[in-house]
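Q: So here's protein36.cif, just mmCIF, C-alpha atoms:
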```cif
data_my_file
loop_
_atom_site.label_atom_id
_atom_site.label_comp_id
_atom_site.auth_asym_id
_atom_site.auth_seq_id
_atom_site.Cartn_x
_atom_site.Cartn_y
_atom_site.Cartn_z
CA MET A 753 111.62 120.00 70.03
CA LYS A 754 107.87 119.41 69.84
CA GLN A 755 106.75 116.46 71.91
CA ASP A 756 103.47 114.59 71.48
CA ILE A 757 102.01 113.72 74.86
CA GLU A 758 99.08 111.38 75.44
CA GLN A 759 96.97 111.92 78.55
CA VAL A 760 95.90 108.67 80.25
CA SER A 761 93.59 108.59 83.28
CA LEU A 762 94.76 106.25 86.03
CA PRO A 763 92.59 104.84 88.84
CA TYR A 764 92.64 106.70 92.18
CA LEU A 765 94.72 109.60 90.80
CA SER A 766 93.31 113.08 90.30
CA ARG A 767 95.56 113.99 87.37
CA PRO A 768 96.21 111.88 84.27
CA ALA A 769 99.51 110.27 83.43
CA ALA A 770 101.44 111.72 80.50
CA VAL A 771 102.90 109.29 77.98
CA SER A 772 105.32 110.25 75.23
CA VAL A 773 107.34 108.18 72.77
CA THR A 774 110.43 109.85 71.36
CA ASP A 775 111.50 109.63 67.72
CA SER A 776 114.07 107.05 68.82
CA GLY A 777 111.34 104.87 70.38
CA HIS A 778 112.05 105.59 74.06
CA THR A 779 108.75 105.44 75.97
CA ILE A 780 108.34 107.93 78.83
CA CYS A 781 105.49 107.94 81.34
CA ILE A 782 105.05 110.64 83.98
CA ILE A 783 102.57 110.03 86.81
CA PRO A 784 101.69 113.22 88.72
CA LYS A 785 101.49 112.18 92.36
CA PRO A 786 101.41 114.54 95.37
CA GLY A 787 104.12 114.06 97.96
CA GLU A 788 107.76 114.75 98.70
CA VAL A 789 109.10 111.54 97.13
CA VAL A 790 109.89 110.83 93.49
CA HIS A 791 110.31 107.34 92.05
CA LEU A 792 112.42 107.06 88.89
CA HIS A 793 112.20 103.75 87.08
CA THR A 794 113.57 102.38 83.79
CA ALA A 795 112.56 98.96 82.50
CA VAL A 796 114.43 97.21 79.69
CA ARG A 797 112.51 94.59 77.73
CA THR A 798 115.09 91.86 78.13
CA GLY A 799 115.85 89.11 80.60
CA SER A 800 116.73 85.44 80.57
CA ILE A 801 114.24 84.89 77.72
CA HIS A 802 116.84 86.37 75.35
CA GLU A 803 119.73 84.20 76.50
CA ASP A 804 120.96 80.83 75.27
CA ASP A 805 122.91 78.03 76.93
CA ALA A 806 126.21 79.83 76.30
CA THR A 807 125.01 83.11 77.83
CA THR A 808 122.60 81.98 80.53
CA GLY A 809 122.63 84.39 83.45
CA ILE A 810 124.23 87.37 81.71
CA SER A 811 121.10 89.55 81.98
CA HIS A 812 121.41 89.34 85.75
CA PHE A 813 125.21 89.65 85.66
CA LEU A 814 124.92 92.78 83.52
CA GLU A 815 122.43 94.23 86.01
CA HIS A 816 125.14 94.00 88.68
CA LEU A 817 127.76 95.58 86.41
CA MET A 818 125.61 98.52 85.34
CA PHE A 819 126.33 100.14 88.71
CA LYS A 820 130.11 99.90 88.25
CA GLY A 821 130.68 103.33 86.82
CA THR A 822 130.73 105.46 83.68
CA ALA A 823 133.30 107.84 82.23
CA SER A 824 131.65 110.67 84.19
CA HIS A 825 131.06 108.80 87.44
CA PRO A 826 133.54 106.17 88.65
CA ALA A 827 132.42 102.98 90.39
CA GLY A 828 130.91 103.70 93.78
CA GLU A 829 129.99 107.30 93.02
CA PHE A 830 126.36 106.56 92.10
CA ASP A 831 125.67 104.99 95.46
CA ARG A 832 127.63 107.60 97.40
CA ILE A 833 125.86 110.59 95.84
CA LEU A 834 122.35 109.15 95.81
CA GLU A 835 122.45 107.61 99.26
CA GLY A 836 123.82 110.92 100.52
CA MET A 837 120.55 112.48 99.38
CA GLY A 838 118.47 109.82 101.12
CA ALA A 839 117.78 107.73 98.02
CA ARG A 840 117.00 104.04 97.82
CA ILE A 841 118.58 102.38 94.77
CA ASN A 842 118.00 98.90 93.42
CA ALA A 843 117.48 96.76 90.34
CA ALA A 844 115.90 93.43 89.44
CA THR A 845 116.08 90.90 86.62
CA SER A 846 113.30 88.58 85.52
CA LYS A 847 112.65 86.29 82.59
CA ASP A 848 111.15 89.13 80.53
CA TRP A 849 112.66 92.38 81.81
CA THR A 850 115.45 94.09 83.73
CA GLN A 851 114.48 97.11 85.84
CA TYR A 852 116.53 99.86 87.50
CA PHE A 853 114.98 102.26 89.99
CA VAL A 854 115.64 105.09 92.42
CA THR A 855 113.29 106.39 95.12
CA ILE A 856 114.43 109.79 96.33
CA PRO A 857 113.21 112.96 98.07
CA ALA A 858 112.41 115.51 95.36
CA GLY A 859 114.53 118.15 97.07
CA GLU A 860 114.05 121.89 96.89
CA ASN A 861 112.47 122.72 93.51
CA GLY A 862 113.15 119.12 92.42
CA ARG A 863 116.93 119.46 92.80
CA PHE A 864 117.56 115.93 94.13
CA TYR A 865 115.35 114.39 91.47
CA ARG A 866 117.18 116.16 88.65
CA GLN A 867 120.54 115.01 89.94
CA ALA A 868 119.22 111.46 90.30
CA LEU A 869 117.93 111.60 86.72
CA GLU A 870 121.33 112.69 85.40
CA LEU A 871 123.04 109.82 87.23
CA HIS A 872 120.37 107.28 86.25
CA ALA A 873 120.49 108.20 82.56
CA ASP A 874 124.29 108.17 82.53
CA MET A 875 124.29 104.68 84.04
CA MET A 876 121.70 103.38 81.57
CA LEU A 877 123.41 104.81 78.48
CA HIS A 878 127.15 104.83 79.24
CA PRO A 879 128.17 101.91 81.48
CA LEU A 880 131.88 101.10 81.35
CA LEU A 881 131.61 97.47 82.50
CA PRO A 882 135.27 97.71 83.55
CA GLU A 883 137.38 94.56 83.51
CA GLU A 884 138.66 95.28 87.01
CA GLU A 885 135.07 95.18 88.29
CA ILE A 886 134.09 92.08 86.31
CA GLY A 887 137.14 90.19 87.51
CA PRO A 888 139.30 87.66 85.67
CA PRO A 889 137.82 84.33 84.54
CA PHE A 890 138.33 81.43 86.93
CA ASP A 891 137.38 77.82 87.54
CA PRO A 892 134.18 77.86 89.62
CA ALA A 893 135.09 74.44 91.02
CA ASN A 894 138.21 75.94 92.60
CA PRO A 895 137.37 77.34 96.06
CA GLN A 896 140.43 79.61 96.01
CA VAL A 897 139.61 82.81 94.11
CA GLU A 898 142.31 85.45 94.31
CA GLN A 899 140.28 88.39 92.98
CA LYS A 900 136.78 88.29 94.40
CA ARG A 901 135.18 90.73 92.01
CA GLU A 902 131.63 90.72 90.61
CA ARG A 903 131.94 87.29 88.98
CA HIS A 904 132.57 85.85 92.40
CA VAL A 905 129.67 87.79 93.95
CA VAL A 906 127.17 86.37 91.44
CA ILE A 907 128.55 82.85 91.70
CA GLU A 908 128.15 83.02 95.46
CA GLU A 909 124.50 83.96 94.83
CA ILE A 910 124.16 80.88 92.61
CA LYS A 911 125.66 78.67 95.33
CA MET A 912 123.35 80.09 97.99
CA GLY A 913 120.39 79.37 95.73
CA LYS A 914 121.43 75.73 95.43
CA ASP A 915 121.53 75.52 99.22
CA ASN A 916 118.04 77.01 99.52
CA PRO A 917 115.41 74.23 99.46
CA VAL A 918 112.59 76.51 98.32
CA ARG A 919 114.72 77.88 95.48
CA ARG A 920 115.70 74.36 94.43
CA CYS A 921 112.11 73.18 94.44
CA PHE A 922 110.96 76.11 92.34
CA GLU A 923 113.76 75.77 89.79
CA THR A 924 113.09 72.04 89.48
CA LEU A 925 109.41 72.77 89.03
CA ASN A 926 110.24 75.33 86.33
CA ALA A 927 112.38 72.75 84.50
CA LEU A 928 109.50 70.26 84.56
CA MET A 929 107.12 72.85 83.10
CA TYR A 930 109.37 74.09 80.31
CA ARG A 931 111.41 71.82 78.06
CA GLN A 932 111.66 73.99 74.94
CA HIS A 933 110.57 77.57 75.68
CA PRO A 934 113.38 79.86 76.96
CA TYR A 935 111.54 80.15 80.28
CA HIS A 936 113.22 76.87 81.23
CA ARG A 937 116.47 78.73 82.02
CA GLU A 938 117.19 80.05 85.48
CA VAL A 939 117.45 83.83 85.61
CA ILE A 940 120.59 83.69 87.71
CA GLY A 941 122.35 81.37 85.25
CA THR A 942 125.16 78.93 85.88
CA ALA A 943 128.51 79.33 87.60
CA GLU A 944 130.29 77.95 84.53
CA VAL A 945 128.97 80.73 82.28
CA ILE A 946 129.41 83.57 84.77
CA ALA A 947 132.98 82.47 85.59
CA ALA A 948 134.00 82.59 81.93
CA VAL A 949 131.84 85.13 80.07
CA THR A 950 133.89 87.90 78.49
CA ARG A 951 133.43 91.65 78.69
CA GLU A 952 132.97 91.66 74.90
CA THR A 953 130.02 89.28 75.20
CA LEU A 954 128.46 91.42 77.94
CA LEU A 955 128.95 94.59 75.86
CA GLY A 956 127.43 92.89 72.83
CA TYR A 957 124.38 91.90 74.86
CA TYR A 958 124.08 95.42 76.24
CA ARG A 959 124.26 96.99 72.79
CA ARG A 960 121.70 94.54 71.40
CA TRP A 961 119.00 95.10 74.01
CA TYR A 962 119.68 98.37 75.89
CA THR A 963 118.38 100.61 73.13
CA ALA A 964 115.90 103.48 73.00
CA ASP A 965 113.03 101.46 71.55
CA ASN A 966 113.50 98.73 74.17
CA MET A 967 113.35 100.99 77.24
CA VAL A 968 110.48 102.44 79.24
CA THR A 969 111.13 105.19 81.80
CA VAL A 970 108.42 105.87 84.39
CA VAL A 971 108.48 108.68 86.94
CA ALA A 972 105.94 109.20 89.74
CA GLY A 973 106.01 112.37 91.80
CA ASP A 974 104.73 115.90 92.23
CA LEU A 975 106.27 117.09 88.97
CA ASP A 976 105.06 118.95 85.91
CA PRO A 977 104.59 116.29 83.21
CA ALA A 978 105.65 118.31 80.16
CA SER A 979 108.85 119.70 81.65
CA THR A 980 109.68 116.32 83.22
CA ILE A 981 109.34 114.60 79.84
CA ALA A 982 111.55 117.29 78.31
CA GLY A 983 114.16 116.72 81.03
CA ILE A 984 114.19 112.96 80.43
CA ARG A 985 114.54 113.48 76.68
CA GLU A 986 117.49 115.76 77.33
CA GLN A 987 119.29 113.28 79.58
CA PHE A 988 118.49 110.12 77.57
CA ARG A 989 120.34 110.87 74.34
CA PHE A 990 120.62 107.51 72.63
CA GLY A 991 122.89 106.33 69.86
CA ALA A 992 121.69 104.89 66.56
CA GLU A 993 121.23 101.27 67.72
CA ARG A 994 117.68 99.90 67.83
CA THR A 995 116.35 96.56 69.02
CA GLY A 996 113.41 96.40 66.64
CA PRO A 997 110.51 93.95 67.13
CA LEU A 998 111.15 91.49 69.94
CA PRO A 999 111.56 87.86 68.88
CA ALA A 1000 108.53 85.60 69.23
CA PHE A 1001 109.08 82.14 70.66
CA SER A 1002 107.18 79.00 69.78
CA PRO A 1003 104.73 78.06 72.55
CA GLU A 1004 105.75 75.30 74.90
CA PRO A 1005 104.15 72.05 73.62
CA GLU A 1006 101.03 71.10 75.52
CA GLN A 1007 101.60 68.80 78.47
CA ALA A 1008 99.53 65.58 78.32
CA GLU A 1009 100.30 63.94 81.66
CA THR A 1010 101.51 64.69 85.17
CA ARG A 1011 105.26 65.21 85.54
CA ALA A 1012 106.95 64.59 88.87
CA LYS A 1013 110.41 64.82 90.40
CA HIS A 1014 111.54 63.77 93.89
CA LEU A 1015 114.55 65.49 95.44
CA THR A 1016 116.62 64.73 98.50
CA ALA A 1017 118.70 67.25 100.39
CA ASP A 1018 120.20 68.05 103.77
CA VAL A 1019 116.89 69.36 105.14
CA GLN A 1020 114.94 68.78 108.34
CA THR A 1021 111.45 69.13 106.85
CA GLY A 1022 109.67 68.02 103.71
CA TYR A 1023 108.60 70.21 100.80
CA VAL A 1024 105.80 69.78 98.29
CA TRP A 1025 105.33 72.01 95.23
CA ALA A 1026 102.57 71.69 92.63
CA GLY A 1027 102.80 73.85 89.52
CA PHE A 1028 100.87 74.56 86.34
CA ARG A 1029 101.54 76.70 83.28
CA GLY A 1030 98.98 79.46 82.93
CA PRO A 1031 97.83 81.97 80.30
CA ALA A 1032 99.86 84.71 78.65
CA GLY A 1033 100.61 87.55 81.05
CA TRP A 1034 98.63 89.99 78.90
CA ALA A 1035 95.45 87.83 78.96
CA LEU A 1036 94.05 90.00 81.73
CA ARG A 1037 90.68 88.34 82.39
CA GLU A 1038 92.19 84.87 82.75
CA VAL A 1039 95.13 86.17 84.80
CA ILE A 1040 92.81 87.90 87.27
CA ALA A 1041 90.49 84.88 87.38
CA LEU A 1042 93.43 82.69 88.35
CA ASP A 1043 94.62 85.26 90.89
CA VAL A 1044 91.19 84.86 92.50
CA ALA A 1045 91.51 81.06 92.46
CA MET A 1046 95.02 81.11 93.94
CA LEU A 1047 94.01 83.61 96.61
CA ALA A 1048 91.03 81.51 97.67
CA LEU A 1049 93.13 78.37 97.56
CA GLY A 1050 96.14 79.36 99.58
CA GLU A 1051 96.60 82.99 100.57
CA GLY A 1052 96.15 83.73 104.24
CA ARG A 1053 94.80 81.90 107.27
CA SER A 1054 91.24 81.80 105.93
CA SER A 1055 92.24 80.09 102.66
CA ARG A 1056 91.25 76.53 101.81
CA LEU A 1057 94.76 75.17 102.18
CA HIS A 1058 95.35 76.69 105.59
CA GLN A 1059 91.92 75.85 106.96
CA ARG A 1060 91.71 72.30 105.62
CA LEU A 1061 95.32 71.18 105.78
CA VAL A 1062 96.61 73.08 108.82
CA GLU A 1063 93.71 74.10 111.06
CA GLN A 1064 91.17 71.33 110.56
CA LEU A 1065 93.11 68.22 109.51
CA PRO A 1066 93.68 65.91 112.49
CA ASP A 1067 97.37 65.26 113.13
CA THR A 1068 98.21 67.49 110.18
CA PRO A 1069 101.60 66.87 108.52
CA PHE A 1070 101.79 70.51 107.35
CA PHE A 1071 103.65 73.35 109.02
CA ASP A 1072 102.90 75.88 106.29
CA VAL A 1073 100.98 76.08 103.01
CA GLY A 1074 100.34 78.68 100.32
CA SER A 1075 99.67 79.38 96.66
CA ALA A 1076 100.44 82.11 94.13
CA GLN A 1077 100.54 83.09 90.49
CA TRP A 1078 103.67 84.61 88.95
CA GLU A 1079 103.09 86.60 85.78
CA TYR A 1080 105.38 86.54 82.76
CA ARG A 1081 104.78 87.87 79.25
CA ASP A 1082 104.31 84.57 77.42
CA GLU A 1083 102.74 82.58 80.29
CA THR A 1084 102.07 82.70 83.99
CA THR A 1085 103.15 80.14 86.58
CA LEU A 1086 100.59 78.84 89.09
CA MET A 1087 101.88 77.22 92.26
CA ALA A 1088 100.62 75.58 95.43
CA HIS A 1089 103.18 74.58 98.04
CA GLY A 1090 103.54 73.15 101.50
CA VAL A 1091 106.17 72.51 104.16
CA CYS A 1092 105.51 69.26 105.96
CA ARG A 1093 106.88 66.57 108.26
CA PRO A 1094 109.75 64.75 106.56
CA ASP A 1095 108.31 61.27 107.12
CA VAL A 1096 105.07 61.87 105.19
CA VAL A 1097 106.12 63.80 102.09
CA ALA A 1098 104.29 61.55 99.62
CA GLU A 1099 101.09 61.61 101.67
CA SER A 1100 101.35 65.40 101.99
CA ALA A 1101 101.71 65.71 98.24
CA GLY A 1102 98.50 63.76 97.81
CA LEU A 1103 96.65 66.03 100.24
CA LEU A 1104 97.88 69.16 98.46
CA ARG A 1105 96.95 67.78 95.04
CA ALA A 1106 93.46 66.96 96.26
CA GLN A 1107 92.84 70.52 97.39
CA VAL A 1108 93.99 71.94 94.05
CA ALA A 1109 91.84 69.45 92.17
CA GLY A 1110 88.90 70.42 94.40
CA LEU A 1111 88.75 73.83 92.75
CA VAL A 1112 86.87 72.18 89.84
CA PRO A 1113 83.99 70.42 91.68
CA GLU A 1114 83.91 73.13 94.36
CA PRO A 1115 84.43 76.37 92.40
CA VAL A 1116 85.20 79.72 93.98
CA ALA A 1117 81.87 81.52 94.38
CA GLY A 1118 79.71 83.41 96.84
CA ALA A 1119 81.39 84.90 99.89
CA GLU A 1120 84.73 83.27 98.99
CA LEU A 1121 84.70 84.99 95.61
CA GLU A 1122 83.70 88.34 97.09
CA LYS A 1123 86.50 88.15 99.65
CA ALA A 1124 89.07 87.42 96.93
CA LEU A 1125 87.83 90.24 94.72
CA THR A 1126 87.89 92.67 97.65
CA ARG A 1127 91.45 91.69 98.57
CA LEU A 1128 92.70 92.13 95.01
CA GLU A 1129 91.05 95.53 94.69
CA ALA A 1130 92.49 96.61 98.05
CA ARG A 1131 95.95 95.46 96.95
CA PHE A 1132 95.65 97.43 93.73
CA ALA A 1133 94.56 100.55 95.64
CA SER A 1134 97.40 100.14 98.13
CA ASP A 1135 99.95 99.92 95.31
CA ALA A 1136 98.54 103.13 93.82
CA GLU A 1137 99.32 104.89 97.12
CA ARG A 1138 103.05 104.19 96.93
CA ALA A 1139 105.06 105.74 94.12
CA ALA A 1140 107.42 102.77 93.77
CA ASP A 1141 104.67 100.11 93.62
CA LEU A 1142 102.66 102.26 91.21
CA CYS A 1143 105.64 102.56 88.86
CA PHE A 1144 106.27 98.81 89.01
CA ARG A 1145 102.70 98.08 87.93
CA VAL A 1146 102.78 100.67 85.15
CA ALA A 1147 106.18 99.53 83.87
CA ASP A 1148 105.02 95.92 83.93
CA SER A 1149 102.01 96.79 81.75
CA MET A 1150 104.23 98.60 79.27
CA VAL A 1151 106.71 95.72 79.11
CA ARG A 1152 104.11 92.97 78.73
CA ARG A 1153 101.48 94.76 76.62
CA GLY A 1154 103.32 97.74 75.15
CA ASP A 1155 100.96 100.29 76.70
CA LEU A 1156 99.10 101.13 79.92
CA SER A 1157 96.06 98.96 79.22
CA LEU A 1158 96.94 96.15 81.65
CA TYR A 1159 96.92 98.79 84.38
CA THR A 1160 93.97 100.92 83.29
CA GLU A 1161 91.77 97.90 82.51
CA TYR A 1162 92.58 96.03 85.71
CA LEU A 1163 89.77 97.33 87.93
CA PRO A 1164 87.00 97.17 85.29
CA THR A 1165 88.03 93.60 84.47
CA LEU A 1166 88.24 92.65 88.15
CA ARG A 1167 84.83 94.14 88.94
CA ALA A 1168 83.19 92.40 85.98
CA LEU A 1169 84.62 88.98 86.85
CA THR A 1170 82.03 86.23 87.38
CA PRO A 1171 82.14 82.81 89.07
CA ALA A 1172 81.93 81.31 85.58
CA ASP A 1173 85.10 83.17 84.53
CA VAL A 1174 87.02 81.75 87.49
CA ALA A 1175 85.65 78.24 86.97
CA ALA A 1176 86.53 78.29 83.27
CA ALA A 1177 90.11 79.41 83.95
CA VAL A 1178 90.55 76.72 86.63
CA GLN A 1179 89.24 74.01 84.32
CA ARG A 1180 91.46 75.16 81.48
CA TYR A 1181 94.74 75.49 83.36
CA LEU A 1182 94.64 73.39 86.55
CA GLY A 1183 93.85 69.93 85.19
CA GLU A 1184 95.80 66.91 86.46
CA GLU A 1185 97.32 66.38 83.01
CA ARG A 1186 98.97 69.82 83.33
CA LEU A 1187 100.35 69.21 86.83
CA CYS A 1188 104.07 69.32 87.59
CA LEU A 1189 104.94 68.04 91.07
CA VAL A 1190 108.18 68.41 93.02
CA THR A 1191 108.80 66.88 96.43
CA MET A 1192 111.85 67.11 98.67
CA ALA A 1193 112.76 64.97 101.66
CA PRO A 1194 115.83 64.54 103.87
CA GLY A 1195 118.59 62.51 102.31
CA GLU A 1196 121.91 62.75 100.55
CA ASN A 1197 122.29 66.21 98.99
CA GLU A 1198 121.88 65.80 95.25
#
```
Show me this structure written as structure tokens.

A:
Amino acid sequence: MKQDIEQVSLPYLSRPAAVSVTDSGHTICIIPKPGEVVHLHTAVRTGSIHEDDATTGISHFLEHLMFKGTASHPAGEFDRILEGMGARINAATSKDWTQYFVTIPAGENGRFYRQALELHADMMLHPLLPEEEIGPPFDPANPQVEQKRERHVVIEEIKMGKDNPVRRCFETLNALMYRQHPYHREVIGTAEVIAAVTRETLLGYYRRWYTADNMVTVVAGDLDPASTIAGIREQFRFGAERTGPLPAFSPEPEQAETRAKHLTADVQTGYVWAGFRGPAGWALREVIALDVAMLALGEGRSSRLHQRLVEQLPDTPFFDVGSAQWEYRDETTLMAHGVCRPDVVAESAGLLRAQVAGLVPEPVAGAELEKALTRLEARFASDAERAADLCFRVADSMVRRGDLSLYTEYLPTLRALTPADVAAAVQRYLGEERLCLVTMAPGENE
């Protein structure tokens, strides 16, 4: 079979990546990278964004069940074989995607990689989702569960999240930000849905979204691109189902005033979280500009938050502070957070808000801007050194943008960024009217 292969130059790599899209729509990207390790990575363009209230959490639940065997390889065999070859296996679910990956020694003449590919493709295309692994439905309010199968495992994860103050603060913040867009749902879902969802519902979801045109497979390693693409095509033999164009969701209505929520819990410290909705994840210039702002604001000991609220503030109430931007396809989430003394949570929230607001009258410029740009470029270069991190970045670009442009355009966009770009992004997205604020203090566990 003739295969059309596009050559794409990637930063820091001496040989171009090879990209091919099969007739079925499966996107394959091979990144030639010297070394003894191969990273094999498949991303599916689905996550909690494609769920509803009756199916919330099933993307993550399905991720767990994908490892529970196929007709060719019973449950447990994937892990046993791959770990026996020194592989590291994992998966992750987000709002926009679900990703499955294996990092493995290539083996003599690529033998370990080829076996990993066969297992990986079999898992992605032929999961059994066996009832005995899912477990029977049960009442999640009943502490006595006779068969502690995968339902019980996921519900225990949900319970642990509710006991984690940081997780609770973030999920509350997310609910304040999103009232209509599907991003308002928690990726992990609810115990009520996971305890009752049927195998037929899970299979229906799998068939709807786990199709050729909705998957991207990325491989980084010292492999010949053309023969590696041919090998992936041979192993990934899809059925006739296709996802088609992904649904578009109406934008979240603009927020016109600050939203706030105070929580109490069985905690010994206070927590303050400030959040803002940001640009679309594919709006690269604004995303990078806000990465610069968040880095200057709260990343590391030299950041504004650490210096002004921890190091320099007399009798500081803060034990820890930080900030970050999380990138999703439709929007990003910008956050500043602090852990503080429990008796001054409200005052600490005011101090944190003031520092975020200060990014407008005191924009990131000069040496502060140069330091942020240097750190981001160093982080990008470091990720290019490691096969797994490189594949994550490439897969993320393909999921969010549909091609490699978010990756290939990153450094040129970063290097061309100006103080005006950062100031404009801050003014657009970090205004007080867009603020969502969550605080937590000791008290009765809600």

Q: I need the residue nearest Thr980 (chain A) from this list: A:Leu869, A:Val1178, A:Ala1172, A:Leu1189. Use only C-alpha atoms for the distance.

A: A:Leu869

Q: Taking the file as shown, what set of residues would the PyMOL selection byres ((chain A and resi 1160) around 12) give back, as a PyMOL selection string?

A: chain A and resi 760-765+768-769+1036+1132+1136+1142+1145-1146+1149-1150+1153+1155-1159+1161-1166

Q: Show me, as a PyMOL selection string, the residues that have an atom within 9 Å of Glu1198 (chain A) when counting all atoms listed in the file, minus same-chain residues fewer than 6 positions from it.

A: chain A and resi 1015-1018

Q: Those same residues, written as a PDB file, in the frame of the given file with C-alpha atoms?

A:
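What follows is the written file out.pdb:
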```
ATOM      1  CA  LEU A1015     114.550  65.490  95.440  1.00  0.00           C
ATOM      2  CA  THR A1016     116.620  64.730  98.500  1.00  0.00           C
ATOM      3  CA  ALA A1017     118.700  67.250 100.390  1.00  0.00           C
ATOM      4  CA  ASP A1018     120.200  68.050 103.770  1.00  0.00           C
TER       5      ASP A1018
END
```

Q: Which residues are close to Asp891 (chain A), i.e. within 12 Å by only C-alpha atoms, leaving aside same-chain residues fewer than 4 positions away? Reply as a list of chain:residue names.

A: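 The residues that qualify are A:Pro895, A:Gln896, A:Val897, A:Glu898, A:Arg903, A:His904, A:Ile907, A:Ala943, A:Glu944, A:Val945, A:Ile946, A:Ala947, A:Ala948, A:Val949.
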
Q: Using CA of Leu1061 (chain A) and CA of Glu1038 (chain A) as the two end points, give the distance in Å to one decimal.

A: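 About the pair CA of Leu1061 (chain A) and CA of Glu1038 (chain A): they are 27.0 Å apart.
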
Q: The PyMOL selection byres ((chain A and resi 962) around 9) - which residues does that actually catch in the file I just gave you? List them as a VMD selection string.

A: chain A and resid 796 to 798 876 to 877 957 to 961 963 to 967 993 to 995

Q: Would you work out the distance separating CA of Gly836 (chain A) from CA of Leu880 (chain A), expressed in Å to one decimal?

A: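 Separation of CA of Gly836 (chain A) and CA of Leu880 (chain A): 23.0 Å.
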
Q: Take the point (83.0, 78.1, 95.8) in the file's coordinates, draw a sphere of radius 12 Å around it, and report as a list in words every protein, DNA or RNA residue with an atom inside or on it, counting all atoms listed in the file.

A: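 I get Val1044, Ala1045, Ala1048, Leu1049, Ser1055, Arg1056, Gly1110, Leu1111, Val1112, Pro1113, Glu1114, Pro1115, Val1116, Ala1117, Gly1118, Ala1119, Glu1120, Leu1121, Glu1122, Lys1123, Ala1124, Thr1170, Pro1171, Ala1172, Val1174, Ala1175 and Val1178 of chain A for the residues within 12 Å of that point.
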
Q: Work out how far CA of Trp1025 (chain A) is from CA of Val918 (chain A), in Å to one decimal.

A: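 Spanning CA of Val918 (chain A) to CA of Trp1025 (chain A) is a straight-line distance of 9.1 Å.
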
Q: Just want the 8 Å neighbourhood of Gly941 (chain A), counted on only C-alpha atoms, with same-chain residues fewer than 2 positions away dropped. Output as a PyMOL selection string.

A: chain A and resi 808-810+910+937-939+943+945-946

Q: Write out N, CA and C atoms for region 1146-1159 of chain A, as a PDB file, in the frame of the given file.

A:
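In the end it all went to out35.pdb:
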```
ATOM      1  N   VAL A1146     102.850  99.989  86.441  1.00  0.00           N
ATOM      2  CA  VAL A1146     102.780 100.670  85.150  1.00  0.00           C
ATOM      3  C   VAL A1146     103.861 100.154  84.210  1.00  0.00           C
ATOM      4  N   ALA A1147     105.087 100.033  84.706  1.00  0.00           N
ATOM      5  CA  ALA A1147     106.180  99.530  83.870  1.00  0.00           C
ATOM      6  C   ALA A1147     105.895  98.113  83.410  1.00  0.00           C
ATOM      7  N   ASP A1148     105.328  97.292  84.286  1.00  0.00           N
ATOM      8  CA  ASP A1148     105.020  95.920  83.930  1.00  0.00           C
ATOM      9  C   ASP A1148     104.003  95.861  82.791  1.00  0.00           C
ATOM     10  N   SER A1149     102.996  96.732  82.832  1.00  0.00           N
ATOM     11  CA  SER A1149     102.010  96.790  81.750  1.00  0.00           C
ATOM     12  C   SER A1149     102.684  97.169  80.438  1.00  0.00           C
ATOM     13  N   MET A1150     103.573  98.146  80.494  1.00  0.00           N
ATOM     14  CA  MET A1150     104.230  98.600  79.270  1.00  0.00           C
ATOM     15  C   MET A1150     105.175  97.540  78.701  1.00  0.00           C
ATOM     16  N   VAL A1151     105.804  96.769  79.587  1.00  0.00           N
ATOM     17  CA  VAL A1151     106.710  95.720  79.110  1.00  0.00           C
ATOM     18  C   VAL A1151     105.914  94.564  78.512  1.00  0.00           C
ATOM     19  N   ARG A1152     104.842  94.156  79.185  1.00  0.00           N
ATOM     20  CA  ARG A1152     104.110  92.970  78.730  1.00  0.00           C
ATOM     21  C   ARG A1152     103.133  93.260  77.597  1.00  0.00           C
ATOM     22  N   ARG A1153     102.523  94.449  77.594  1.00  0.00           N
ATOM     23  CA  ARG A1153     101.480  94.760  76.620  1.00  0.00           C
ATOM     24  C   ARG A1153     101.880  95.864  75.656  1.00  0.00           C
ATOM     25  N   GLY A1154     102.889  96.659  76.017  1.00  0.00           N
ATOM     26  CA  GLY A1154     103.320  97.740  75.150  1.00  0.00           C
ATOM     27  C   GLY A1154     102.600  99.043  75.389  1.00  0.00           C
ATOM     28  N   ASP A1155     101.685  99.072  76.365  1.00  0.00           N
ATOM     29  CA  ASP A1155     100.960 100.290  76.700  1.00  0.00           C
ATOM     30  C   ASP A1155     100.463 100.178  78.135  1.00  0.00           C
ATOM     31  N   LEU A1156      99.584 101.091  78.551  1.00  0.00           N
ATOM     32  CA  LEU A1156      99.100 101.130  79.920  1.00  0.00           C
ATOM     33  C   LEU A1156      97.831 100.300  80.143  1.00  0.00           C
ATOM     34  N   SER A1157      97.378  99.579  79.143  1.00  0.00           N
ATOM     35  CA  SER A1157      96.060  98.960  79.220  1.00  0.00           C
ATOM     36  C   SER A1157      95.947  97.890  80.310  1.00  0.00           C
ATOM     37  N   LEU A1158      97.019  97.151  80.583  1.00  0.00           N
ATOM     38  CA  LEU A1158      96.940  96.150  81.650  1.00  0.00           C
ATOM     39  C   LEU A1158      96.697  96.812  83.004  1.00  0.00           C
ATOM     40  N   TYR A1159      97.146  98.053  83.140  1.00  0.00           N
ATOM     41  CA  TYR A1159      96.920  98.790  84.380  1.00  0.00           C
ATOM     42  C   TYR A1159      95.548  99.463  84.373  1.00  0.00           C
TER      43      TYR A1159
END
```
